[in-house]
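Peer 1: Before anything else, here's the structure in question.
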Amino acid sequence: MADPATVRTDARRHHDPQVRGFASDNYAGTHPEILAALALANGGHQIAYGEDDYTGHLQRVMHSHFGPTAEAFPVFNGTGANVVSLQAMTDRWGAVICAESAHINVDEGGAPERVGGLKLLTVPTEDGKLTPDLIDRQAYGWDDEHRAMPQVVSITQNTELGTVYTPDEIRAICEHAHGHGMKVHLDGARIANAAASLDVPMRTFTNTVGVDVLSFGGTKNGAIFGEAVVVLNPDAVRAMKHLRKLSMQLASKMRFVSVQLEALLAGDLWLRNARHANSMAQRLAEGVRAVDGVEILYPVQANAVFARLPHEVSERLQKRFRFYFWDEKAGDVRWMCAFDTTEDDVDAFVLALKEEMAAQ
């Protein structure tokens, strides 16, 4: 096999790597340590569909974070992780209680309902976080054949609004849900950012407090692609491997998903990346607070800053830096920081914001 350093490629760079934005942590590239891990896993033949050495070792890595009963099922993406998780936790007639702002409700193209066959029972929240009282708005009617049966509570850590549940808040949700005979799923697309914000191990707000199944996110924290369904309570699921295949989430060359997650989790790369992204969001928030006419909407607890400013200012600013409206009618925007966001990126953005506000 040829030396990778001498392998010919006809590929060409089609983008300017100096262009930066604050639209999504998905815009970022791949961390160099993960690229190195992919090269390490390349070469030779490994058994397909998850029976490779890398997927086997990933199980031991997951045990170090979530305990000896945790079992990881690598998948392609976050929507797949959520759909497979929720299917495995529900009956055909089951429903899932979630925040109205939850990713499974607003950003997955209806996949939980169309592909998973689930009914989502949504609850409005002020900060993206559910509470036992909010859950009770939908937690009823288990014996009513005219209503989809609430069987799972799904929470997101950190939430779509950038807020973070404390371990005690998640414990209260789990105890309340379990008391009603329901299970708890945690969408952890940005779980590393939440752990970095709380400065605690991930187990502290997952299996330790009663979460049954976790969708573990890697893409937003430096991976190319790849998430995992992590079953924390084996009694909470059934037919996981069959549902993963049925949902088109079984990778044939799974070693290349697993080795990325191993590169994140075997050492502290997951935490380094998340801490950096969070700190850049704090720097951004500090800069924005000094700009008259700009309002920060929610506590900045992870790697997201939500703000409100004049619509026309946002439109001009978008021509200089990519970002999205969160609620265009209200003038609300979302600015995301990633593992590769730099202080210079943040400072340049804040300067541009000041210039556009001054021109208003």
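Naming scheme: A, B, ... for chains in displayed order of the structure tokens; residues 1 onward per chain; ligands 1 onward as shown.
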Might you pull out every residue within 12 Å of Gly117 in chain A, with only C-alpha atoms counted and same-chain residues fewer than 4 positions away left off, and present them as a list in words?

Peer 2: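 Contacts, with the query itself left out: Val83, Val84, Leu86, Gln87, Ala88, Thr90, Asp91, Arg92, Trp93, Gly94, Ala95, Val96, Gly110, Ala111, Pro112, Glu113, Ala148 and Ser247 of chain A.
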
Peer 1: With range 185-196 of chain A as the partner and 8 Å as the cut-off, tabulate the residues of range 32-137 of chain A that qualify, each row holding the nearest pair of atoms and their distance in Å to one decimal, using only C-alpha atoms, sorted by chain and rising number, as a Markdown table.

Peer 2:
```
| residue | atom | partner | partner_atom | distance |
| --- | --- | --- | --- | --- |
| A:Gly78 | CA | A:Ala189 | CA | 6.6 |
| A:Asn82 | CA | A:Asp187 | CA | 6.8 |
| A:Ser85 | CA | A:His185 | CA | 7.6 |
| A:Leu86 | CA | A:His185 | CA | 7.4 |
```

Peer 1: Could you check which of A:Gly222, A:Gly128, A:Gly181, A:Gly331 is closest to Glu160 in chain A, using only C-alpha atoms?

Peer 2: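 Comparing A:Gly222, A:Gly128, A:Gly181, A:Gly331 against Glu160 in chain A, the winner is A:Gly128.
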
Peer 1: Figure out the distance between CA of Arg272 in chain A and CA of Gly162 in chain A, please, to one decimal in Å.

Peer 2: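 Calculated distance between CA of Gly162 in chain A and CA of Arg272 in chain A is 18.5 Å.
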
Peer 1: Go through A:Ser101, A:Ser314, A:Val200, A:Asp340 one by one, measure the shortest atom-to-atom distance of each to Gln18 in chain A using only C-alpha atoms, and give the residue with the smallest value.

Peer 2: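 Nearest to Gln18 in chain A: A:Asp340.
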
Peer 1: Skipping near chain neighbours, those fewer than 4 positions away, what residues fall within 9 Å of Leu58 in chain A using only C-alpha atoms, listed as a VMD selection string?

Peer 2: chain A and resid 53 to 54 62 to 63 72 258 to 259 261 to 262 265 to 266

Peer 1: Please run DSSP on the backbone and report, as a list of chain:residue names, all residues within range 226-263 of chain A that come out as strand (DSSP E).

Peer 2: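 Assigned to strand (DSSP E), within range 226-263 of chain A: A:Glu227, A:Ala228, A:Val229, A:Val230, A:Val231.
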
Peer 1: Restrict the selected residues to C-alpha atoms and save them as a PDB file, in the first residue's frame.

Peer 2:
```pdb
ATOM      1  CA  GLU A 227     -23.079   9.890  16.426  1.00  0.00           C
ATOM      2  CA  ALA A 228     -24.080   6.999  18.634  1.00  0.00           C
ATOM      3  CA  VAL A 229     -27.122   5.699  20.404  1.00  0.00           C
ATOM      4  CA  VAL A 230     -25.849   4.867  23.889  1.00  0.00           C
ATOM      5  CA  VAL A 231     -28.160   2.541  25.772  1.00  0.00           C
TER       6      VAL A 231
END
```

Peer 1: Need to verify the contact set: Asn26 in chain A, 10 Å, only C-alpha atoms, exclusion of same-chain residues closer than 5 positions in sequence. Can you return it as a list of chain:residue names?

Peer 2: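 Counting only C-alpha atoms, the residues come to A:Thr219, A:Lys220, A:Asn221, A:Gly222, A:Ala223, A:Ile224, A:Phe225, A:Met336, A:Cys337, A:Ala338.
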
Peer 1: Restricting it to N, CA, C and O atoms, dump the selection as a JSON list (two decimals), in the first residue's frame.

Peer 2:
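Below is the file that was written, selection.json:
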```
[["chain", "number", "residue", "atom", "x", "y", "z"],
["A", 219, "THR", "N", -20.48, 15.03, 15.71],
["A", 219, "THR", "CA", -20.26, 15.92, 14.57],
["A", 219, "THR", "C", -20.05, 17.37, 14.98],
["A", 219, "THR", "O", -19.17, 18.05, 14.47],
["A", 220, "LYS", "N", -20.86, 17.84, 15.93],
["A", 220, "LYS", "CA", -20.77, 19.24, 16.34],
["A", 220, "LYS", "C", -19.55, 19.50, 17.22],
["A", 220, "LYS", "O", -19.27, 20.65, 17.57],
["A", 221, "ASN", "N", -18.81, 18.45, 17.55],
["A", 221, "ASN", "CA", -17.66, 18.60, 18.44],
["A", 221, "ASN", "C", -16.36, 18.20, 17.75],
["A", 221, "ASN", "O", -15.40, 17.83, 18.42],
["A", 222, "GLY", "N", -16.34, 18.23, 16.41],
["A", 222, "GLY", "CA", -15.09, 18.03, 15.71],
["A", 222, "GLY", "C", -15.00, 16.82, 14.81],
["A", 222, "GLY", "O", -14.00, 16.65, 14.11],
["A", 223, "ALA", "N", -16.02, 15.96, 14.80],
["A", 223, "ALA", "CA", -16.00, 14.79, 13.93],
["A", 223, "ALA", "C", -16.44, 15.17, 12.51],
["A", 223, "ALA", "O", -17.05, 16.22, 12.29],
["A", 224, "ILE", "N", -16.13, 14.30, 11.55],
["A", 224, "ILE", "CA", -16.63, 14.50, 10.19],
["A", 224, "ILE", "C", -18.11, 14.15, 10.14],
["A", 224, "ILE", "O", -18.94, 14.91, 9.66],
["A", 225, "PHE", "N", -18.44, 12.98, 10.61],
["A", 225, "PHE", "CA", -19.80, 12.51, 10.74],
["A", 225, "PHE", "C", -19.77, 11.42, 11.79],
["A", 225, "PHE", "O", -18.72, 10.85, 12.08],
["A", 336, "MET", "N", -23.47, 30.79, 16.63],
["A", 336, "MET", "CA", -22.85, 29.58, 17.18],
["A", 336, "MET", "C", -21.33, 29.66, 17.08],
["A", 336, "MET", "O", -20.77, 30.12, 16.08],
["A", 337, "CYS", "N", -20.67, 29.17, 18.11],
["A", 337, "CYS", "CA", -19.21, 29.04, 18.10],
["A", 337, "CYS", "C", -18.86, 27.56, 18.03],
["A", 337, "CYS", "O", -19.60, 26.70, 18.51],
["A", 338, "ALA", "N", -17.69, 27.27, 17.44],
["A", 338, "ALA", "CA", -17.26, 25.90, 17.22],
["A", 338, "ALA", "C", -15.88, 25.67, 17.83],
["A", 338, "ALA", "O", -15.26, 26.60, 18.36]]
```

Peer 1: Name all residues at most 10 Å from Glu356 in chain A (count only C-alpha atoms; drop same-chain ones fewer than 6 positions away) and give them as a list in words.

Peer 2: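 With the cut-off at 10 Å, the set is Glu312, Val313, Ser314, Glu315, Arg316, Leu317 and Val350 of chain A.
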
Peer 1: Restricting the output to N, CA and C atoms, write the selected residues as a PDB file, in the first residue's frame.

Peer 2:
```
ATOM      1  N   GLU A 312     -32.793  44.801   9.629  1.00  0.00           N
ATOM      2  CA  GLU A 312     -31.962  45.265   8.529  1.00  0.00           C
ATOM      3  C   GLU A 312     -30.472  45.216   8.881  1.00  0.00           C
ATOM      4  N   VAL A 313     -30.168  45.366  10.160  1.00  0.00           N
ATOM      5  CA  VAL A 313     -28.772  45.224  10.590  1.00  0.00           C
ATOM      6  C   VAL A 313     -28.318  43.783  10.404  1.00  0.00           C
ATOM      7  N   SER A 314     -29.157  42.845  10.794  1.00  0.00           N
ATOM      8  CA  SER A 314     -28.813  41.426  10.627  1.00  0.00           C
ATOM      9  C   SER A 314     -28.607  41.094   9.159  1.00  0.00           C
ATOM     10  N   GLU A 315     -29.455  41.621   8.300  1.00  0.00           N
ATOM     11  CA  GLU A 315     -29.324  41.324   6.870  1.00  0.00           C
ATOM     12  C   GLU A 315     -27.998  41.837   6.310  1.00  0.00           C
ATOM     13  N   ARG A 316     -27.585  43.018   6.743  1.00  0.00           N
ATOM     14  CA  ARG A 316     -26.295  43.533   6.275  1.00  0.00           C
ATOM     15  C   ARG A 316     -25.143  42.735   6.871  1.00  0.00           C
ATOM     16  N   LEU A 317     -25.285  42.382   8.138  1.00  0.00           N
ATOM     17  CA  LEU A 317     -24.229  41.631   8.807  1.00  0.00           C
ATOM     18  C   LEU A 317     -24.065  40.234   8.212  1.00  0.00           C
ATOM     19  N   VAL A 350     -17.690  41.039  16.259  1.00  0.00           N
ATOM     20  CA  VAL A 350     -18.209  42.092  17.139  1.00  0.00           C
ATOM     21  C   VAL A 350     -17.950  43.468  16.527  1.00  0.00           C
TER      22      VAL A 350
END
```

Peer 1: Tell me which protein, DNA and RNA residues are within 7 Å of Gly50 in chain A, counting only C-alpha atoms, leaving out same-chain ones fewer than 3 positions away, and put them as number ranges by chain.

Peer 2: A: 55, 254-255

Peer 1: Could the residues in this selection be written to a file with N, CA and C atoms, as a PDB file, in the first residue's frame?

Peer 2:
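The resulting file, selection-v8.pdb, is reproduced below:
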```
ATOM      1  N   THR A  55     -14.874  -0.593  16.665  1.00  0.00           N
ATOM      2  CA  THR A  55     -16.185  -0.531  17.309  1.00  0.00           C
ATOM      3  C   THR A  55     -16.171  -1.315  18.612  1.00  0.00           C
ATOM      4  N   MET A 254     -18.063   0.620   9.538  1.00  0.00           N
ATOM      5  CA  MET A 254     -18.342   1.307  10.795  1.00  0.00           C
ATOM      6  C   MET A 254     -17.078   1.721  11.543  1.00  0.00           C
ATOM      7  N   ARG A 255     -15.956   1.086  11.237  1.00  0.00           N
ATOM      8  CA  ARG A 255     -14.730   1.469  11.942  1.00  0.00           C
ATOM      9  C   ARG A 255     -14.436   2.950  11.788  1.00  0.00           C
TER      10      ARG A 255
END
```

Peer 1: Using the chain letters and numbers from this document, which residues of range 98-295 of chain A does DSSP assign to alpha helix (DSSP H), as an NGL selection string?

Peer 2: :A and (103-106 or 111-114 or 132-135 or 167-179 or 191-198 or 240-246 or 255-265 or 269-289)

Peer 1: What does the structure give for the distance between CA of Gln157 in chain A and CA of Ile135 in chain A, in Å to one decimal?

Peer 2: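 It comes out at 16.4 Å.
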
Peer 1: If we count only C-alpha atoms and set the cut-off at 8 Å, which residues sit around Pro234 in chain A, ignoring sequence neighbours fewer than 4 positions away in its own chain? Please answer as number ranges by chain.

Peer 2: A: 69-70, 212

Peer 1: With only C-alpha atoms as the basis for distance, which of A:Arg13, A:His31, A:His65, A:Arg308 is at the shortest distance from Met202 in chain A?

Peer 2: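 Result for the nearest residue to Met202 in chain A: A:His65.
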
Peer 1: Calculated over only C-alpha atoms, which of the candidates A:Leu269, A:Ala348, A:Ala304, A:Ala330 has the smallest distance to Asn158 in chain A?

Peer 2: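 Using only C-alpha atoms, the shortest distance to Asn158 in chain A belongs to A:Ala304.
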
Peer 1: Calculate how many Å separate CA of Cys98 in chain A from CA of Thr79 in chain A, rounding to one decimal.

Peer 2: 14.9 Å

Peer 1: Restricting the calculation to only C-alpha atoms, which member of A:Phe256, A:Trp326, A:Phe66, A:Tyr298 is positioned closest to Ile34 in chain A?

Peer 2: A:Phe256
